[in-house]
>>> print(open('my_file-v1.csv').read())   # CSV, C-alpha atoms
chain,number,residue,atom,x,y,z
A,1407,MET,CA,-81.9,-32.5,44.1
A,1408,ARG,CA,-85.4,-32.7,45.4
A,1409,GLY,CA,-85.7,-33.7,49.0
A,1410,CYS,CA,-87.7,-36.4,50.5
A,1411,LEU,CA,-90.6,-34.2,51.5
A,1412,ASP,CA,-92.5,-34.5,48.3
A,1413,HIS,CA,-93.0,-38.2,48.4
A,1414,PRO,CA,-93.8,-40.8,51.1
A,1415,ALA,CA,-91.0,-41.6,53.5
A,1416,ALA,CA,-88.9,-44.7,52.8
A,1417,GLN,CA,-90.6,-47.7,54.2
A,1418,PRO,CA,-88.4,-50.3,56.0
A,1419,PHE,CA,-89.7,-53.9,56.4
A,1420,PHE,CA,-88.6,-57.5,56.5
A,1421,LEU,CA,-89.4,-59.8,53.6
A,1422,ASP,CA,-89.8,-63.5,54.2
A,1423,ALA,CA,-87.3,-65.6,52.3
A,1424,ALA,CA,-85.4,-68.9,52.5
A,1425,HIS,CA,-83.4,-69.2,55.8
A,1426,GLY,CA,-85.0,-66.2,57.5
A,1427,LYS,CA,-85.9,-62.6,56.6
A,1428,ARG,CA,-84.4,-60.0,54.4
A,1429,PHE,CA,-84.2,-56.4,55.4
A,1430,CYS,CA,-85.7,-54.1,52.7
A,1431,ILE,CA,-86.3,-50.4,52.3
A,1432,TYR,CA,-89.0,-49.4,49.8
A,1433,HIS,CA,-88.9,-46.0,48.3
A,1434,ALA,CA,-92.4,-45.5,46.7
A,1435,PRO,CA,-92.7,-43.3,43.6
A,1436,ALA,CA,-93.8,-39.7,44.3
A,1437,LEU,CA,-97.6,-39.7,44.7
A,1438,GLU,CA,-98.4,-37.0,42.2
A,1439,LEU,CA,-96.4,-38.6,39.4
A,1440,ASP,CA,-97.3,-41.6,37.2
A,1441,CYS,CA,-95.0,-44.4,38.1
A,1442,CYS,CA,-92.3,-44.6,35.4
A,1443,GLY,CA,-90.8,-47.9,36.6
A,1444,ALA,CA,-89.2,-49.7,39.5
A,1445,PHE,CA,-85.7,-50.6,40.4
A,1446,ILE,CA,-84.2,-53.3,42.6
A,1447,TYR,CA,-81.0,-52.0,44.1
A,1448,VAL,CA,-78.3,-54.7,44.3
A,1449,HIS,CA,-75.6,-53.7,46.9
A,1450,PRO,CA,-71.9,-54.2,46.7
A,1451,PHE,CA,-69.8,-56.8,48.5
A,1452,GLY,CA,-68.3,-56.6,52.0
A,1453,ASP,CA,-67.3,-53.2,53.3
A,1454,GLU,CA,-68.0,-51.6,49.9
A,1455,MET,CA,-71.7,-52.1,50.8
A,1456,ASN,CA,-71.3,-49.9,53.9
A,1457,LYS,CA,-69.4,-47.2,52.1
A,1458,THR,CA,-72.1,-47.1,49.4
A,1459,ARG,CA,-75.0,-47.0,51.7
A,1460,ARG,CA,-75.4,-43.2,51.8
A,1461,ILE,CA,-75.0,-42.5,48.1
A,1462,ALA,CA,-77.4,-45.4,47.3
A,1463,ALA,CA,-80.0,-44.0,49.7
A,1464,LEU,CA,-79.7,-40.5,48.1
A,1465,GLN,CA,-80.1,-42.0,44.7
A,1466,ALA,CA,-83.1,-44.1,45.7
A,1467,ARG,CA,-84.8,-41.0,47.1
A,1468,ALA,CA,-84.0,-39.1,43.9
A,1469,PHE,CA,-85.5,-41.9,41.8
A,1470,ALA,CA,-88.6,-41.9,44.0
A,1471,ALA,CA,-89.0,-38.2,43.5
A,1472,MET,CA,-88.8,-38.7,39.8
A,1473,GLY,CA,-91.6,-41.3,39.8
A,1474,PHE,CA,-89.6,-44.6,40.1
A,1475,GLY,CA,-90.2,-47.1,42.9
A,1476,VAL,CA,-86.9,-48.5,44.4
A,1477,LEU,CA,-86.6,-51.6,46.5
A,1478,GLN,CA,-83.3,-51.9,48.4
A,1479,ILE,CA,-82.7,-55.4,49.7
A,1480,ASP,CA,-79.9,-56.6,52.0
A,1481,LEU,CA,-78.9,-60.0,50.6
A,1482,PHE,CA,-78.7,-63.0,52.9
A,1483,GLY,CA,-75.9,-62.7,55.4
A,1484,CYS,CA,-75.4,-59.0,54.6
A,1485,GLY,CA,-76.5,-55.8,56.4
A,1486,ASP,CA,-79.6,-56.3,58.6
A,1487,SER,CA,-80.8,-59.5,56.9
A,1488,SER,CA,-80.8,-63.0,58.5
A,1489,GLY,CA,-77.8,-65.2,58.3
A,1490,GLU,CA,-74.1,-65.0,58.8
A,1491,PHE,CA,-71.8,-63.9,56.0
A,1492,ALA,CA,-70.1,-67.3,56.2
A,1493,ASP,CA,-73.4,-68.9,55.2
A,1494,ALA,CA,-74.0,-66.6,52.2
A,1495,ARG,CA,-74.1,-68.3,48.9
A,1496,LEU,CA,-74.6,-67.0,45.4
A,1497,ALA,CA,-77.6,-69.3,44.9
A,1498,ILE,CA,-79.3,-67.7,47.9
A,1499,TRP,CA,-78.6,-64.2,46.7
A,1500,ARG,CA,-80.2,-65.1,43.3
A,1501,GLU,CA,-83.3,-66.4,45.1
A,1502,ASP,CA,-83.3,-63.1,47.1
A,1503,LEU,CA,-83.4,-61.1,44.0
A,1504,ALA,CA,-86.2,-63.2,42.6
A,1505,ILE,CA,-88.2,-62.6,45.8
A,1506,ALA,CA,-87.5,-58.9,45.6
A,1507,LYS,CA,-88.6,-58.8,41.9
A,1508,LYS,CA,-91.9,-60.6,42.8
A,1509,TRP,CA,-92.6,-58.2,45.7
A,1510,LEU,CA,-92.0,-55.2,43.4
A,1511,GLU,CA,-94.2,-56.6,40.7
A,1512,GLN,CA,-97.0,-56.9,43.3
A,1513,HIS,CA,-96.6,-53.3,44.4
A,1514,VAL,CA,-95.8,-51.4,41.3
A,1515,ALA,CA,-97.6,-51.5,38.0
A,1516,ALA,CA,-94.5,-50.8,35.9
A,1517,PRO,CA,-91.6,-52.8,34.5
A,1518,VAL,CA,-88.9,-53.9,36.9
A,1519,SER,CA,-85.3,-52.8,36.3
A,1520,LEU,CA,-82.1,-53.5,38.2
A,1521,TRP,CA,-79.6,-51.1,39.6
A,1522,GLY,CA,-76.4,-52.6,40.8
A,1523,ALA,CA,-73.3,-51.1,42.4
A,1524,ARG,CA,-69.8,-52.7,42.1
A,1525,LEU,CA,-70.2,-56.5,42.7
A,1526,GLY,CA,-74.0,-55.8,42.8
A,1527,GLY,CA,-73.7,-54.8,39.1
A,1528,LEU,CA,-72.2,-58.1,38.3
A,1529,LEU,CA,-74.9,-59.9,40.3
A,1530,ALA,CA,-77.6,-57.8,38.5
A,1531,LEU,CA,-76.2,-58.9,35.1
A,1532,ASP,CA,-76.1,-62.5,36.3
A,1533,PHE,CA,-79.7,-62.4,37.6
A,1534,ALA,CA,-81.0,-60.7,34.4
A,1535,SER,CA,-79.4,-63.4,32.3
A,1536,ARG,CA,-81.3,-66.1,34.3
A,1537,VAL,CA,-84.8,-64.7,34.6
A,1538,GLU,CA,-87.3,-65.6,31.9
A,1539,SER,CA,-89.1,-62.3,32.0
A,1540,THR,CA,-87.3,-59.3,30.5
A,1541,ILE,CA,-85.5,-56.9,32.8
A,1542,GLU,CA,-86.2,-53.5,31.2
A,1543,LYS,CA,-83.1,-51.6,32.3
A,1544,ILE,CA,-79.9,-52.4,34.0
A,1545,ILE,CA,-78.0,-49.5,35.7
A,1546,LEU,CA,-74.4,-50.4,36.6
A,1547,TRP,CA,-72.5,-48.2,39.0
A,1548,GLN,CA,-68.8,-48.9,38.6
A,1549,PRO,CA,-69.5,-52.6,38.0
A,1550,VAL,CA,-67.0,-55.2,39.0
A,1551,VAL,CA,-66.2,-56.9,35.6
A,1552,SER,CA,-64.2,-59.9,36.8
A,1553,GLY,CA,-65.3,-61.8,39.9
A,1554,GLU,CA,-61.8,-63.5,40.0
A,1555,LEU,CA,-59.9,-60.2,40.0
A,1556,PHE,CA,-62.3,-58.8,42.6
A,1557,LEU,CA,-61.8,-61.8,44.9
A,1558,THR,CA,-58.1,-61.4,44.6
A,1559,GLN,CA,-58.4,-57.8,45.7
A,1560,PHE,CA,-60.7,-58.7,48.5
A,1561,LEU,CA,-58.2,-61.4,49.7
A,1562,ARG,CA,-55.4,-58.8,49.6
A,1563,LEU,CA,-57.2,-57.0,52.5
A,1564,ARG,CA,-56.2,-59.8,54.8
A,1565,LEU,CA,-52.6,-59.6,53.6
A,1566,ALA,CA,-52.6,-55.8,54.3
A,1567,GLY,CA,-54.3,-56.6,57.7
A,1568,ASP,CA,-51.5,-59.0,58.6
A,1569,MET,CA,-48.9,-56.4,57.6
A,1570,LEU,CA,-50.5,-53.7,59.7
A,1571,ALA,CA,-51.2,-55.9,62.8
A,1572,GLU,CA,-47.7,-57.4,63.1
A,1573,GLY,CA,-45.6,-55.5,60.6
A,1574,MET,CA,-44.8,-58.9,59.3
A,1575,GLU,CA,-42.5,-59.2,56.3
A,1576,LYS,CA,-43.8,-62.7,55.7
A,1577,HIS,CA,-47.5,-62.9,55.2
A,1578,THR,CA,-50.0,-65.2,53.6
A,1579,GLY,CA,-50.2,-64.5,49.9
A,1580,THR,CA,-53.5,-64.6,47.9
A,1581,ARG,CA,-52.4,-67.8,46.2
A,1582,THR,CA,-52.0,-69.5,49.6
A,1583,MET,CA,-55.4,-68.1,50.6
A,1584,ARG,CA,-57.0,-69.4,47.4
A,1585,ASN,CA,-55.5,-72.9,48.1
A,1586,ALA,CA,-56.9,-72.8,51.6
A,1587,LEU,CA,-60.4,-72.0,50.1
A,1588,ALA,CA,-60.0,-74.7,47.6
A,1589,ALA,CA,-59.3,-77.1,50.5
A,1590,GLY,CA,-62.6,-76.1,52.0
A,1591,GLU,CA,-61.4,-73.7,54.7
A,1592,ILE,CA,-63.4,-70.6,55.7
A,1593,LEU,CA,-61.2,-67.5,55.5
A,1594,GLU,CA,-61.6,-64.5,57.6
A,1595,VAL,CA,-60.9,-61.4,55.5
A,1596,ALA,CA,-61.4,-57.9,56.9
A,1597,GLY,CA,-63.9,-59.1,59.4
A,1598,TYR,CA,-65.9,-61.2,56.9
A,1599,GLU,CA,-65.9,-64.9,57.0
A,1600,LEU,CA,-65.7,-66.0,53.4
A,1601,ALA,CA,-66.9,-69.5,52.6
A,1602,PRO,CA,-65.2,-71.5,49.9
A,1603,ALA,CA,-68.5,-72.0,48.0
A,1604,LEU,CA,-69.2,-68.3,47.9
A,1605,ALA,CA,-65.6,-67.5,46.8
A,1606,ALA,CA,-65.8,-70.1,44.1
A,1607,ALA,CA,-69.1,-68.7,42.8
A,1608,VAL,CA,-67.8,-65.1,42.8
A,1609,ASP,CA,-64.7,-66.4,41.0
A,1610,THR,CA,-66.8,-67.6,38.0
A,1611,LEU,CA,-68.7,-64.3,37.5
A,1612,ASP,CA,-67.3,-62.6,34.4
A,1613,ALA,CA,-69.1,-59.6,32.8
A,1614,SER,CA,-67.6,-60.4,29.4
A,1615,LYS,CA,-69.4,-63.7,29.5
A,1616,ILE,CA,-72.8,-62.4,30.7
A,1617,VAL,CA,-73.9,-60.3,27.7
A,1618,PRO,CA,-77.1,-58.4,28.6
A,1619,THR,CA,-78.8,-58.5,25.3
A,1620,LYS,CA,-82.3,-58.2,26.6
A,1621,SER,CA,-82.1,-55.0,28.6
A,1622,ALA,CA,-81.2,-51.3,28.0
A,1623,VAL,CA,-77.9,-50.9,29.9
A,1624,HIS,CA,-76.6,-47.7,31.5
A,1625,TRP,CA,-73.0,-48.1,32.7
A,1626,PHE,CA,-71.8,-45.2,35.0
A,1627,GLU,CA,-68.1,-45.2,35.3
A,1628,ILE,CA,-66.2,-43.0,37.8
A,1629,VAL,CA,-63.0,-41.4,36.5
A,1630,PRO,CA,-60.6,-39.3,38.6
A,1631,GLU,CA,-61.0,-36.3,36.2
A,1632,ILE,CA,-62.8,-35.4,33.0
A,1633,GLY,CA,-61.2,-36.8,29.9
A,1634,ARG,CA,-59.6,-39.9,31.5
A,1635,ALA,CA,-60.3,-43.1,29.6
A,1636,MET,CA,-61.8,-46.3,31.1
A,1637,GLN,CA,-59.2,-48.8,32.2
A,1638,PRO,CA,-58.3,-51.2,29.3
A,1639,ALA,CA,-59.9,-54.4,30.9
A,1640,ARG,CA,-63.2,-52.5,31.5
A,1641,ALA,CA,-63.2,-50.9,28.1
A,1642,GLU,CA,-62.7,-54.4,26.6
A,1643,VAL,CA,-66.0,-55.6,28.2
A,1644,VAL,CA,-67.8,-52.5,26.7
A,1645,ARG,CA,-66.3,-53.3,23.3
A,1646,ALA,CA,-67.3,-56.9,23.5
A,1647,TRP,CA,-70.9,-56.1,24.5
A,1648,LYS,CA,-71.3,-53.5,21.8
A,1649,GLN,CA,-70.1,-56.1,19.3
A,1650,GLU,CA,-72.8,-58.4,20.5
A,1651,GLY,CA,-75.3,-55.7,19.9
A,1652,VAL,CA,-76.0,-54.7,23.5
A,1653,ASP,CA,-78.1,-51.6,23.9
A,1654,LEU,CA,-75.4,-49.9,26.0
A,1655,GLN,CA,-74.7,-46.4,27.0
A,1656,VAL,CA,-71.6,-45.6,29.0
A,1657,HIS,CA,-71.5,-42.5,31.1
A,1658,MET,CA,-68.1,-41.2,32.3
A,1659,VAL,CA,-68.5,-39.4,35.6
A,1660,PRO,CA,-65.6,-37.5,37.3
A,1661,GLY,CA,-65.6,-38.1,41.0
A,1662,GLU,CA,-64.3,-40.0,44.0
A,1663,SER,CA,-64.3,-43.8,44.3
A,1664,PHE,CA,-67.3,-43.6,46.6
A,1665,TRP,CA,-67.3,-47.4,47.3
A,1666,SER,CA,-63.8,-47.3,48.8
A,1667,THR,CA,-63.1,-43.7,50.1
A,1668,GLN,CA,-62.0,-43.5,53.7
A,1669,THR,CA,-64.8,-41.1,54.6
A,1670,VAL,CA,-68.3,-41.7,53.2
A,1671,SER,CA,-68.5,-40.0,49.9
A,1672,GLU,CA,-71.7,-38.6,48.3
A,1673,CYS,CA,-70.2,-38.2,44.9
A,1674,PRO,CA,-72.8,-35.6,43.8
A,1675,ASP,CA,-71.7,-35.9,40.1
A,1676,MET,CA,-72.7,-39.6,40.1
A,1677,LEU,CA,-76.1,-38.7,41.5
A,1678,SER,CA,-76.8,-35.9,39.1
A,1679,ALA,CA,-75.5,-37.9,36.1
A,1680,THR,CA,-77.8,-40.9,37.0
A,1681,ALA,CA,-80.8,-38.7,37.7
A,1682,GLN,CA,-80.3,-36.7,34.5
A,1683,ILE,CA,-80.4,-39.8,32.3
A,1684,PHE,CA,-83.7,-40.9,33.7
A,1685,ALA,CA,-85.3,-37.5,34.1
A,1686,SER,CA,-84.7,-36.5,30.4
A,1687,GLY,CA,-86.7,-39.5,29.2
A,1688,GLN,CA,-83.9,-40.5,26.8
A,1689,THR,CA,-84.2,-44.1,27.9
B,126,MET,CA,-36.4,-40.8,43.9
B,127,THR,CA,-38.1,-38.6,41.4
B,128,MET,CA,-40.2,-35.5,42.2
B,129,GLN,CA,-42.9,-36.7,39.9
B,130,SER,CA,-43.5,-39.9,41.8
B,131,ILE,CA,-43.5,-38.0,45.1
B,132,GLU,CA,-46.1,-35.6,43.8
B,133,ALA,CA,-48.2,-38.3,42.2
B,134,ILE,CA,-48.1,-40.4,45.4
B,135,LYS,CA,-49.1,-37.4,47.5
B,136,ASN,CA,-52.1,-36.9,45.3
B,137,ILE,CA,-53.1,-40.6,45.6
B,138,LEU,CA,-52.6,-40.6,49.4
B,139,ALA,CA,-54.7,-37.4,49.7
B,140,ASP,CA,-57.5,-38.8,47.5
B,141,VAL,CA,-57.7,-42.3,49.0
B,142,LEU,CA,-57.3,-41.2,52.6
B,143,SER,CA,-59.3,-37.9,52.3
B,144,LEU,CA,-56.4,-36.0,53.8
B,145,GLY,CA,-57.6,-32.6,52.7
B,146,ASP,CA,-55.2,-29.8,53.7
B,147,ARG,CA,-52.9,-32.2,55.4
B,148,LYS,CA,-51.6,-33.1,51.9
B,149,THR,CA,-49.5,-29.9,51.7
B,150,SER,CA,-47.5,-30.9,54.8
B,151,LEU,CA,-46.4,-34.2,53.3
B,152,ASN,CA,-42.8,-34.7,52.2
B,153,SER,CA,-40.6,-37.7,51.6
B,154,ASN,CA,-39.8,-38.0,55.3
B,155,SER,CA,-43.4,-38.2,56.3
B,156,ALA,CA,-44.1,-41.4,58.2
B,157,LEU,CA,-47.1,-43.4,56.8
B,158,LEU,CA,-47.8,-46.7,58.5
B,159,GLY,CA,-48.5,-46.2,62.2
B,160,SER,CA,-48.6,-42.4,61.8
B,161,LEU,CA,-51.6,-41.8,59.5
B,162,PRO,CA,-54.6,-43.1,61.4
B,163,GLU,CA,-56.6,-43.4,58.1
B,164,LEU,CA,-54.1,-45.9,56.8
B,165,ASP,CA,-55.9,-49.2,57.6
B,166,SER,CA,-55.9,-52.4,55.6
B,167,MET,CA,-58.5,-51.3,53.1
B,168,ALA,CA,-56.7,-48.0,52.5
B,169,VAL,CA,-53.4,-49.9,51.9
B,170,ILE,CA,-55.1,-52.0,49.3
B,171,ASN,CA,-56.8,-49.0,47.7
B,172,ILE,CA,-53.5,-47.1,47.5
B,173,ILE,CA,-51.8,-50.1,45.9
B,174,THR,CA,-54.7,-50.4,43.4
B,175,ALA,CA,-54.5,-46.6,42.7
B,176,LEU,CA,-50.7,-46.8,42.2
B,177,GLU,CA,-51.0,-49.7,39.8
B,178,GLU,CA,-53.5,-47.8,37.8
B,179,GLN,CA,-51.6,-44.5,37.9
B,180,PHE,CA,-48.2,-45.9,37.0
B,181,GLY,CA,-49.3,-48.9,34.9
B,182,ILE,CA,-47.4,-51.4,37.2
B,183,VAL,CA,-48.4,-54.7,38.7
B,184,VAL,CA,-47.6,-55.2,42.4
B,185,ASP,CA,-47.2,-58.8,43.5
B,186,ASP,CA,-48.4,-60.1,46.9
B,187,ASP,CA,-44.9,-60.6,48.2
B,188,GLU,CA,-43.9,-57.1,47.4
B,189,ILE,CA,-46.5,-55.7,49.8
B,190,SER,CA,-44.6,-55.1,53.0
B,191,ALA,CA,-44.7,-52.8,56.0
B,192,LYS,CA,-41.3,-51.4,55.0
B,193,THR,CA,-42.6,-50.1,51.7
B,194,PHE,CA,-45.2,-48.1,53.6
B,195,GLU,CA,-42.8,-46.8,56.2
B,196,THR,CA,-42.6,-43.3,54.7
B,197,LEU,CA,-43.6,-41.4,51.6
B,198,GLY,CA,-40.0,-41.7,50.5
B,199,THR,CA,-39.8,-45.5,50.8
B,200,LEU,CA,-43.1,-45.7,48.9
B,201,ALA,CA,-41.7,-43.5,46.1
B,202,LEU,CA,-38.5,-45.5,46.0
B,203,PHE,CA,-40.6,-48.7,45.6
B,204,ILE,CA,-42.5,-47.1,42.7
B,205,ASP,CA,-39.3,-45.9,41.0
B,206,ARG,CA,-37.9,-49.4,41.3
B,207,LYS,CA,-41.1,-50.9,39.8
B,208,LEU,CA,-41.0,-48.4,36.9
B,209,ALA,CA,-37.4,-49.3,36.2
B,210,GLU,CA,-38.2,-53.0,35.9
>>> encode(input="my_file-v1.csv", output="structure tokens")
Amino acid sequence: MRGCLDHPAAQPFFLDAAHGKRFCIYHAPALELDCCGAFIYVHPFGDEMNKTRRIAALQARAFAAMGFGVLQIDLFGCGDSSGEFADARLAIWREDLAIAKKWLEQHVAAPVSLWGARLGGLLALDFASRVESTIEKIILWQPVVSGELFLTQFLRLRLAGDMLAEGMEKHTGTRTMRNALAAGEILEVAGYELAPALAAAVDTLDASKIVPTKSAVHWFEIVPEIGRAMQPARAEVVRAWKQEGVDLQVHMVPGESFWSTQTVSECPDMLSATAQIFASGQT
Amino acid sequence: MTMQSIEAIKNILADVLSLGDRKTSLNSNSALLGSLPELDSMAVINIITALEEQFGIVVDDDEISAKTFETLGTLALFIDRKLAE
């Protein structure tokens, strides 16, 4: 991969938005190249955001070196942006993406695309389905396909936390936690204060119901080894989308689950697979 | 407990916890919870998710207990029991 010496350094800044500022990093396209496009990076949820930070930065630099501009934005209540996680709402995140898109359109004379990792993939699909202008491409990195399932897995973190902290044989199940959320209680899960409104909104996100018919979609799926198939529930979304005529290419990439590994994973195959698709001009 | 489940669980533990060479020293008596510093709440959930995918099982909330994660052997017994259901 080409390093960061042949294009301007990543530029960090704060973007004015509702309820404060958003931390952004802009990777400008390499100077000597014609700008081929621009991406907004939509980060994952909770700790997956942190685990994915390095691989996303490496990919953003690779995109910039290839002539794409990349804007990384920390959504409200996440990362270095304003707000507490407990105050984060899906509606604010949608506005954040709209602001990011506007900024990018003012700085790059090229079509804007989205690149989302994990829950960020689902957020990218949701955003693309709501904007009037066309999103040229959507890159999905191991997208979450069911907000409901994802939320259950997230809530399980608290269950495991209880188990580790006290070795308790009796702990709060995810159903009880969901009931508490439904009753308007804020839940602390793995250090994140989850508000009922955010949980309810994430619950409704479902990739099989957000069919991205207006964009070219590249879905990058990590598998433990070459030749392994996609999990059935995920393959079902792919099948449904193709039936709806979605311009979809699925790329199976052998590698580690970089969003959840214990140590930060660079997952070089994911980087090279993604770069290759966009370098070869087959989009 | 079956050797297959022990080996498969060793691989999952090594992958999820990034154990590297320490994988080879694991056996059914190896203590997990409280002994492997990498085994935090997120790792427990990732291991459960990986086990569900690998063995095609569904683990209910009330089956997740500290006892199951006591040793590699207790985890393998749990998997064997789930597979026999």
>>> closest_residue(input="my_file-v1.csv", among="A:Leu1600, A:Val1537, A:Leu1503, A:Ala1415", to="A:Gly1522", atoms="only C-alpha atoms")
A:Leu1503
>>> residues_near_point(input="my_file-v1.csv", point="(-54.1, -47.4, 52.6)", cutoff="12 Å", atoms="all atoms listed in the file", output="ChimeraX atom specification")
/A:1562-1563,1566-1567,1569-1570,1666-1668 /B:134,137-144,157-176,189,191,193-195,200
>>> atom_distance(input="my_file-v1.csv", atom1="atom CA of A:Trp1547", atom2="atom CA of A:Ala1523")
4.5 Å
>>> closest_residue(input="my_file-v1.csv", among="B:Ser190, B:Arg147, B:Ser155, B:Ile131", to="chain A", atoms="only C-alpha atoms")
B:Ser190
>>> interface_residues(input="my_file-v1.csv", of="chain A", to="chain B", cutoff="12 Å", atoms="only C-alpha atoms", output="number ranges by chain")
A: 1452-1454, 1457, 1555-1556, 1558-1583, 1595-1597, 1629-1630, 1634-1639, 1661-1671
>>> atom_distance(input="my_file-v1.csv", atom1="atom CA of A:Glu1642", atom2="atom CA of A:Ala1606")
23.7 Å
>>> atom_distance(input="my_file-v1.csv", atom1="atom CA of A:Pro1418", atom2="atom CA of A:Ala1471")
17.4 Å
>>> closest_residue(input="my_file-v1.csv", among="A:Ile1616, A:Ile1431, A:Ala1622, A:Cys1484", to="A:Val1551", atoms="all atoms listed in the file")
A:Ile1616
>>> residues_around(input="my_file-v1.csv", residues="A:Arg1645", least_positions_apart="2", cutoff="12 Å", atoms="all atoms listed in the file", output="number ranges by chain")
A: 1613-1614, 1617, 1636, 1638-1643, 1647-1656
>>> write_last_selection(input="my_file-v1.csv", atoms="C-alpha atoms", output="short mmCIF file (atom, residue, chain, number, x, y, z; two decimals), keeping the file's coordinate frame")
data_model
loop_
_atom_site.label_atom_id
_atom_site.label_comp_id
_atom_site.auth_asym_id
_atom_site.auth_seq_id
_atom_site.Cartn_x
_atom_site.Cartn_y
_atom_site.Cartn_z
CA ALA A 1613 -69.10 -59.60 32.80
CA SER A 1614 -67.60 -60.40 29.40
CA VAL A 1617 -73.90 -60.30 27.70
CA MET A 1636 -61.80 -46.30 31.10
CA PRO A 1638 -58.30 -51.20 29.30
CA ALA A 1639 -59.90 -54.40 30.90
CA ARG A 1640 -63.20 -52.50 31.50
CA ALA A 1641 -63.20 -50.90 28.10
CA GLU A 1642 -62.70 -54.40 26.60
CA VAL A 1643 -66.00 -55.60 28.20
CA TRP A 1647 -70.90 -56.10 24.50
CA LYS A 1648 -71.30 -53.50 21.80
CA GLN A 1649 -70.10 -56.10 19.30
CA GLU A 1650 -72.80 -58.40 20.50
CA GLY A 1651 -75.30 -55.70 19.90
CA VAL A 1652 -76.00 -54.70 23.50
CA ASP A 1653 -78.10 -51.60 23.90
CA LEU A 1654 -75.40 -49.90 26.00
CA GLN A 1655 -74.70 -46.40 27.00
CA VAL A 1656 -71.60 -45.60 29.00
#
>>> decode(input="my_file-v1.csv", residues="stretch 190-195 of chain B", atoms="all heavy atoms", output="mmCIF file, in the first residue's frame")
data_model
loop_
_atom_site.group_PDB
_atom_site.id
_atom_site.type_symbol
_atom_site.label_atom_id
_atom_site.label_comp_id
_atom_site.auth_asym_id
_atom_site.auth_seq_id
_atom_site.Cartn_x
_atom_site.Cartn_y
_atom_site.Cartn_z
ATOM 1 N N SER B 190 -23.326 -18.627 31.865
ATOM 2 C CA SER B 190 -22.982 -18.527 33.278
ATOM 3 C C SER B 190 -21.468 -18.673 33.472
ATOM 4 O O SER B 190 -20.758 -19.189 32.603
ATOM 5 C CB SER B 190 -23.704 -19.597 34.089
ATOM 6 O OG SER B 190 -22.996 -20.811 34.027
ATOM 7 N N ALA B 191 -21.018 -18.204 34.624
ATOM 8 C CA ALA B 191 -19.587 -18.256 34.920
ATOM 9 C C ALA B 191 -19.099 -19.712 34.960
ATOM 10 O O ALA B 191 -17.969 -20.004 34.594
ATOM 11 C CB ALA B 191 -19.312 -17.563 36.256
ATOM 12 N N LYS B 192 -19.960 -20.603 35.394
ATOM 13 C CA LYS B 192 -19.584 -22.027 35.491
ATOM 14 C C LYS B 192 -19.201 -22.604 34.129
ATOM 15 O O LYS B 192 -18.243 -23.355 34.009
ATOM 16 C CB LYS B 192 -20.751 -22.836 36.073
ATOM 17 C CG LYS B 192 -20.796 -22.817 37.595
ATOM 18 C CD LYS B 192 -21.395 -24.117 38.122
ATOM 19 C CE LYS B 192 -21.311 -24.174 39.633
ATOM 20 N NZ LYS B 192 -22.594 -23.837 40.270
ATOM 21 N N THR B 193 -19.970 -22.187 33.107
ATOM 22 C CA THR B 193 -19.699 -22.692 31.758
ATOM 23 C C THR B 193 -18.297 -22.303 31.301
ATOM 24 O O THR B 193 -17.630 -23.048 30.588
ATOM 25 C CB THR B 193 -20.744 -22.111 30.773
ATOM 26 O OG1 THR B 193 -22.034 -22.318 31.323
ATOM 27 C CG2 THR B 193 -20.658 -22.763 29.415
ATOM 28 N N PHE B 194 -17.872 -21.143 31.737
ATOM 29 C CA PHE B 194 -16.581 -20.619 31.290
ATOM 30 C C PHE B 194 -15.451 -20.887 32.290
ATOM 31 O O PHE B 194 -14.408 -20.240 32.241
ATOM 32 C CB PHE B 194 -16.688 -19.116 31.001
ATOM 33 C CG PHE B 194 -17.321 -18.814 29.673
ATOM 34 C CD1 PHE B 194 -18.694 -18.733 29.544
ATOM 35 C CD2 PHE B 194 -16.539 -18.662 28.535
ATOM 36 C CE1 PHE B 194 -19.278 -18.484 28.324
ATOM 37 C CE2 PHE B 194 -17.118 -18.408 27.308
ATOM 38 C CZ PHE B 194 -18.502 -18.321 27.194
ATOM 39 N N GLU B 195 -15.688 -21.846 33.198
ATOM 40 C CA GLU B 195 -14.677 -22.132 34.209
ATOM 41 C C GLU B 195 -13.388 -22.674 33.583
ATOM 42 O O GLU B 195 -12.313 -22.146 33.798
ATOM 43 C CB GLU B 195 -15.250 -23.121 35.216
ATOM 44 C CG GLU B 195 -14.754 -22.940 36.621
ATOM 45 C CD GLU B 195 -15.624 -23.734 37.594
ATOM 46 O OE1 GLU B 195 -16.798 -23.358 37.788
ATOM 47 O OE2 GLU B 195 -15.133 -24.737 38.127
#
